[in-house]
Amino acid sequence: MMRAISYILAIFLLSSCASIMNQPTTKIKIYSDNSTEIVVGNNTYKIEHEEKVHVKRQKDSLILIAKQDSLTKTFILKPKNSFNYYANVLSYGLGFIWDSKSEKRYTYQGNLYIDFSSQNLRKFKPNKKGQIDIQFSLPHINSLYLRPLNESSKANIGFWGITGGLEYYYKDNKSLGLSISAVSDFFVPFPAAVDISGEYELMSSTYISLTDNLKIRDFSIGYGINYSKNNWDLRYYDAFDPAPPSREPVFKSSQSFGLTLNSYYRLGKHFNIGVIYRPTFLRVKPSTEFVYEHLISVDFAWKWKIKK
């Protein structure tokens, strides 16, 4: 009985996540190419390039007045429910009751780019023709489907990968991207000491992609071609007295041409999250034939401008 009462009390104490976890204020990161004065309520801020502005959480829209020299523009940010408000689902929804009338449940758009030339509300500075970005990404979650020569089909989902690349904007909203990637289906998603015993299959792939990318606000869609080297490795680790191997260890590799399709959403000034679909069709090594294989990755990407 006491255990049940303690359980119920814990649920109530963990309810109202927004009211407990959220501060009365939230922050908005504001970007500007030129020196800008921002007026929020009774407060005035000076923005040189980037500044964090703290504003009160409330159910009303937030009005920001931006001033550059003789120019003045008003931005209106609509309130939205915060992450901690939605986290009330973990308390069986009881927290939604307590947070429903609390203004601490609200937040605002976390990024704002001051643009006097556009009527649209922008989160980030738009890309410009001639811009070059350098990209580093972690295709961390990988689904591989391979068909090694003289083997049955192999499919698995695992972790770890790395990508480096460049992106050149030949139009304000279009770019060419060149990247080199290496991924695996290793079964541990975080760095840890792992002991493996017995037979173990490992799939991996390295590839180079050239894509044409279209930017639509904070989204991007890319399509292009790739040249890939896909590997399947059957190993045997003689540790902890495992069962004898069913066959001799073997490593098989193939090289193929195919397509690359991707889509990304920009979450921060540099950070993007996306999905890559990379099918291959024409195998050229060790033999020339049409063979379908694919890689699907969840990619965490960072981009930095090296030429504006």
# chains A, B, ... in the order shown; residues from 1 in each chain; ligands from 1
>>> residues_around(residues="Pro79 in chain A", least_positions_apart="4", cutoff="8 Å", atoms="only C-alpha atoms", output="ChimeraX atom specification")
/A:58-62,106-109
>>> select_by_dssp(residues="range 2-239 of chain A", states="strand (DSSP E)", output="VMD selection string")
chain A and resid 25 to 31 36 to 40 43 to 47 50 to 56 62 to 68 71 to 77 80 to 81 106 to 107 111 to 113 132 to 146 154 to 171 174 to 186 198 to 216 219 to 237
>>> closest_residue(among="A:Arg247, A:Val194, A:Met203, A:Phe257", to="Ile225 in chain A", atoms="only C-alpha atoms")
A:Phe257
>>> residues_around(residues="His294 in chain A", least_positions_apart="3", cutoff="9 Å", atoms="only C-alpha atoms", output="PDB file with C-alpha atoms, in the first residue's frame")
ATOM      1  CA  SER A 143      20.815   0.730 -42.214  1.00  0.00           C
ATOM      2  CA  LEU A 144      22.821  -1.364 -44.678  1.00  0.00           C
ATOM      3  CA  TYR A 145      21.534  -3.859 -47.220  1.00  0.00           C
ATOM      4  CA  LEU A 146      24.327  -5.666 -49.099  1.00  0.00           C
ATOM      5  CA  TYR A 277      19.221   7.324 -49.010  1.00  0.00           C
ATOM      6  CA  ARG A 278      22.072   5.940 -51.100  1.00  0.00           C
ATOM      7  CA  PRO A 279      21.133   3.062 -53.422  1.00  0.00           C
ATOM      8  CA  THR A 280      23.653   1.512 -55.806  1.00  0.00           C
ATOM      9  CA  PHE A 281      22.736  -0.404 -58.969  1.00  0.00           C
TER      10      PHE A 281
END
>>> residues_around(residues="Lys215 in chain A", least_positions_apart="3", cutoff="7 Å", atoms="only C-alpha atoms", output="list of chain:residue names")
A:Asn173, A:Lys174, A:Phe219, A:Ser220, A:Ile221
>>> write_last_selection(atoms="N, CA and C atoms", output="PDB file, in the first residue's frame")
ATOM      1  N   ASN A 173      19.689  29.854 -53.718  1.00  0.00           N
ATOM      2  CA  ASN A 173      18.971  28.727 -53.122  1.00  0.00           C
ATOM      3  C   ASN A 173      19.376  27.376 -53.707  1.00  0.00           C
ATOM      4  N   LYS A 174      20.488  27.349 -54.476  1.00  0.00           N
ATOM      5  CA  LYS A 174      20.950  26.088 -55.053  1.00  0.00           C
ATOM      6  C   LYS A 174      22.458  25.944 -54.874  1.00  0.00           C
ATOM      7  N   PHE A 219      14.825  23.990 -44.924  1.00  0.00           N
ATOM      8  CA  PHE A 219      14.935  22.640 -45.464  1.00  0.00           C
ATOM      9  C   PHE A 219      15.857  22.633 -46.684  1.00  0.00           C
ATOM     10  N   SER A 220      16.468  21.491 -46.942  1.00  0.00           N
ATOM     11  CA  SER A 220      17.210  21.298 -48.179  1.00  0.00           C
ATOM     12  C   SER A 220      16.946  19.895 -48.705  1.00  0.00           C
ATOM     13  N   ILE A 221      16.916  19.773 -50.023  1.00  0.00           N
ATOM     14  CA  ILE A 221      16.725  18.490 -50.692  1.00  0.00           C
ATOM     15  C   ILE A 221      17.854  18.335 -51.704  1.00  0.00           C
TER      16      ILE A 221
END
>>> closest_residue(among="A:Tyr237, A:Tyr223, A:Phe251, A:Phe290", to="Gly177 in chain A", atoms="only C-alpha atoms")
A:Tyr223
>>> closest_residue(among="A:Asn111, A:Asn22, A:Ser228, A:Ser137", to="Lys125 in chain A", atoms="only C-alpha atoms")
A:Asn111
>>> closest_residue(among="A:Glu199, A:Asp115, A:Glu103, A:Asp218", to="Ser246 in chain A", atoms="only C-alpha atoms")
A:Glu199
>>> closest_residue(among="A:Lys67, A:Gln255, A:Phe124, A:Asn42", to="Lys29 in chain A", atoms="only C-alpha atoms")
A:Phe124
>>> select_by_dssp(residues="range 59-289 of chain A", states="alpha helix (DSSP H)", output="CSV table (one decimal) with C-alpha atoms, in the first residue's frame")
chain,number,residue,atom,x,y,z
A,83,PHE,CA,9.6,21.0,-24.9
A,84,ASN,CA,9.1,20.7,-21.2
A,85,TYR,CA,5.4,21.2,-21.7
A,86,TYR,CA,5.2,18.3,-24.1
A,94,LEU,CA,-1.2,14.8,-15.6
A,95,GLY,CA,1.2,17.7,-16.0
A,96,PHE,CA,-0.8,19.1,-18.9
A,97,ILE,CA,-3.5,19.9,-16.3
A,98,TRP,CA,-1.1,21.8,-14.0
A,99,ASP,CA,0.7,23.6,-16.9
>>> residues_around(residues="Ile141 in chain A", least_positions_apart="2", cutoff="12 Å", atoms="only C-alpha atoms", output="PyMOL selection string")
chain A and resi 137-139+143-144+156-162+183-190+273-276+295-300
>>> write_last_selection(atoms="C-alpha atoms", output="compact mmCIF listing (two decimals), in the first residue's frame")
# COMPACT_ATOMS: atom_id res chain seq x y z
CA SER A 137 28.87 15.24 -40.29
CA LEU A 138 28.21 12.06 -38.36
CA PRO A 139 25.98 9.58 -40.23
CA SER A 143 20.82 0.73 -42.21
CA LEU A 144 22.82 -1.36 -44.68
CA ASN A 156 21.48 -4.79 -40.47
CA ILE A 157 21.12 -1.50 -38.59
CA GLY A 158 24.06 -0.15 -36.63
CA PHE A 159 26.06 2.92 -35.73
CA TRP A 160 29.06 5.15 -36.47
CA GLY A 161 30.16 7.08 -39.50
CA ILE A 162 31.96 10.22 -40.58
CA VAL A 183 29.94 4.30 -42.30
CA SER A 184 29.51 1.02 -40.42
CA ASP A 185 26.82 -1.06 -38.72
CA PHE A 186 28.68 -1.46 -35.41
CA PHE A 187 26.18 -2.46 -32.73
CA VAL A 188 27.21 -0.04 -29.95
CA PRO A 189 25.94 3.56 -30.41
CA PHE A 190 28.36 5.20 -27.96
CA ILE A 273 19.84 16.89 -39.07
CA GLY A 274 18.92 14.82 -42.09
CA VAL A 275 18.33 11.49 -43.79
CA ILE A 276 20.43 10.04 -46.62
CA LEU A 295 22.48 2.56 -47.31
CA ILE A 296 20.03 4.66 -45.27
CA SER A 297 21.60 7.00 -42.70
CA VAL A 298 20.40 9.47 -40.09
CA ASP A 299 22.98 12.23 -40.39
CA PHE A 300 24.00 14.93 -37.90
>>> residues_around(residues="Asn127 in chain A", least_positions_apart="4", cutoff="12 Å", atoms="only C-alpha atoms", output="ChimeraX atom specification")
/A:122,131-133,167-175,214-218,220,269,303-305,307-308
>>> write_last_selection(atoms="N, CA and C atoms", output="PDB file, in the first residue's frame")
ATOM      1  N   ARG A 122      12.826  35.352 -40.727  1.00  0.00           N
ATOM      2  CA  ARG A 122      13.900  34.388 -40.936  1.00  0.00           C
ATOM      3  C   ARG A 122      14.542  33.986 -39.618  1.00  0.00           C
ATOM      4  N   GLN A 131      28.797  31.572 -52.183  1.00  0.00           N
ATOM      5  CA  GLN A 131      29.154  31.120 -50.844  1.00  0.00           C
ATOM      6  C   GLN A 131      29.701  29.692 -50.899  1.00  0.00           C
ATOM      7  N   ILE A 132      30.709  29.419 -50.078  1.00  0.00           N
ATOM      8  CA  ILE A 132      31.275  28.076 -49.957  1.00  0.00           C
ATOM      9  C   ILE A 132      31.217  27.659 -48.493  1.00  0.00           C
ATOM     10  N   ASP A 133      30.649  26.478 -48.245  1.00  0.00           N
ATOM     11  CA  ASP A 133      30.578  25.925 -46.897  1.00  0.00           C
ATOM     12  C   ASP A 133      31.449  24.682 -46.802  1.00  0.00           C
ATOM     13  N   GLU A 167      30.458  22.564 -50.050  1.00  0.00           N
ATOM     14  CA  GLU A 167      29.212  22.932 -50.723  1.00  0.00           C
ATOM     15  C   GLU A 167      29.391  24.317 -51.344  1.00  0.00           C
ATOM     16  N   TYR A 168      29.100  24.418 -52.639  1.00  0.00           N
ATOM     17  CA  TYR A 168      29.252  25.681 -53.367  1.00  0.00           C
ATOM     18  C   TYR A 168      27.890  26.137 -53.873  1.00  0.00           C
ATOM     19  N   TYR A 169      27.519  27.395 -53.565  1.00  0.00           N
ATOM     20  CA  TYR A 169      26.226  27.944 -53.974  1.00  0.00           C
ATOM     21  C   TYR A 169      26.374  28.654 -55.315  1.00  0.00           C
ATOM     22  N   TYR A 170      25.807  28.043 -56.366  1.00  0.00           N
ATOM     23  CA  TYR A 170      25.834  28.676 -57.680  1.00  0.00           C
ATOM     24  C   TYR A 170      24.609  29.561 -57.894  1.00  0.00           C
ATOM     25  N   LYS A 171      23.624  29.458 -56.986  1.00  0.00           N
ATOM     26  CA  LYS A 171      22.507  30.387 -56.871  1.00  0.00           C
ATOM     27  C   LYS A 171      22.230  30.588 -55.388  1.00  0.00           C
ATOM     28  N   ASP A 172      21.409  31.577 -55.063  1.00  0.00           N
ATOM     29  CA  ASP A 172      21.124  31.828 -53.652  1.00  0.00           C
ATOM     30  C   ASP A 172      20.488  30.621 -52.978  1.00  0.00           C
ATOM     31  N   ASN A 173      19.689  29.854 -53.718  1.00  0.00           N
ATOM     32  CA  ASN A 173      18.971  28.727 -53.122  1.00  0.00           C
ATOM     33  C   ASN A 173      19.376  27.376 -53.707  1.00  0.00           C
ATOM     34  N   LYS A 174      20.488  27.349 -54.476  1.00  0.00           N
ATOM     35  CA  LYS A 174      20.950  26.088 -55.053  1.00  0.00           C
ATOM     36  C   LYS A 174      22.458  25.944 -54.874  1.00  0.00           C
ATOM     37  N   SER A 175      22.873  24.698 -54.637  1.00  0.00           N
ATOM     38  CA  SER A 175      24.291  24.459 -54.398  1.00  0.00           C
ATOM     39  C   SER A 175      24.710  23.100 -54.938  1.00  0.00           C
ATOM     40  N   LEU A 214      18.743  21.837 -53.344  1.00  0.00           N
ATOM     41  CA  LEU A 214      17.778  22.929 -53.377  1.00  0.00           C
ATOM     42  C   LEU A 214      17.425  23.325 -51.954  1.00  0.00           C
ATOM     43  N   LYS A 215      17.546  24.630 -51.632  1.00  0.00           N
ATOM     44  CA  LYS A 215      17.213  25.142 -50.308  1.00  0.00           C
ATOM     45  C   LYS A 215      15.812  25.758 -50.323  1.00  0.00           C
ATOM     46  N   ILE A 216      14.993  25.349 -49.379  1.00  0.00           N
ATOM     47  CA  ILE A 216      13.666  25.915 -49.194  1.00  0.00           C
ATOM     48  C   ILE A 216      13.539  26.310 -47.727  1.00  0.00           C
ATOM     49  N   ARG A 217      13.768  27.603 -47.456  1.00  0.00           N
ATOM     50  CA  ARG A 217      13.802  28.083 -46.062  1.00  0.00           C
ATOM     51  C   ARG A 217      14.824  27.278 -45.264  1.00  0.00           C
ATOM     52  N   ASP A 218      14.383  26.570 -44.219  1.00  0.00           N
ATOM     53  CA  ASP A 218      15.307  25.820 -43.381  1.00  0.00           C
ATOM     54  C   ASP A 218      15.463  24.369 -43.822  1.00  0.00           C
ATOM     55  N   SER A 220      16.468  21.491 -46.942  1.00  0.00           N
ATOM     56  CA  SER A 220      17.210  21.298 -48.179  1.00  0.00           C
ATOM     57  C   SER A 220      16.946  19.895 -48.705  1.00  0.00           C
ATOM     58  N   LYS A 269      22.573  27.566 -36.039  1.00  0.00           N
ATOM     59  CA  LYS A 269      23.400  28.363 -36.943  1.00  0.00           C
ATOM     60  C   LYS A 269      24.282  27.468 -37.801  1.00  0.00           C
ATOM     61  N   LYS A 303      27.860  22.787 -40.571  1.00  0.00           N
ATOM     62  CA  LYS A 303      28.370  23.514 -41.735  1.00  0.00           C
ATOM     63  C   LYS A 303      28.893  24.875 -41.298  1.00  0.00           C
ATOM     64  N   TRP A 304      30.051  25.252 -41.876  1.00  0.00           N
ATOM     65  CA  TRP A 304      30.644  26.556 -41.597  1.00  0.00           C
ATOM     66  C   TRP A 304      30.986  27.247 -42.912  1.00  0.00           C
ATOM     67  N   LYS A 305      30.719  28.526 -43.008  1.00  0.00           N
ATOM     68  CA  LYS A 305      31.075  29.294 -44.195  1.00  0.00           C
ATOM     69  C   LYS A 305      32.575  29.548 -44.220  1.00  0.00           C
ATOM     70  N   LYS A 307      33.726  30.922 -47.325  1.00  0.00           N
ATOM     71  CA  LYS A 307      33.714  32.052 -48.258  1.00  0.00           C
ATOM     72  C   LYS A 307      32.302  32.594 -48.311  1.00  0.00           C
ATOM     73  N   LYS A 308      32.138  33.890 -48.036  1.00  0.00           N
ATOM     74  CA  LYS A 308      30.804  34.500 -47.999  1.00  0.00           C
ATOM     75  C   LYS A 308      30.513  35.229 -49.301  1.00  0.00           C
TER      76      LYS A 308
END
>>> atom_distance(atom1="CA of Phe271 in chain A", atom2="CA of Asp33 in chain A")
19.8 Å
>>> closest_residue(among="A:Ser100, A:Ser32, A:Ser197, A:Ser82", to="Gln68 in chain A", atoms="only C-alpha atoms")
A:Ser32
>>> residues_around(residues="Leu234 in chain A", least_positions_apart="2", cutoff="9 Å", atoms="only C-alpha atoms", output="list in words")
Glu199, Tyr200, Glu201, Leu202, Met203, Trp232, Tyr236, Glu248, Pro249, Val250, Phe251 and Lys252 of chain A
>>> atom_distance(atom1="CA of Tyr292 in chain A", atom2="CA of Asp212 in chain A")
22.7 Å
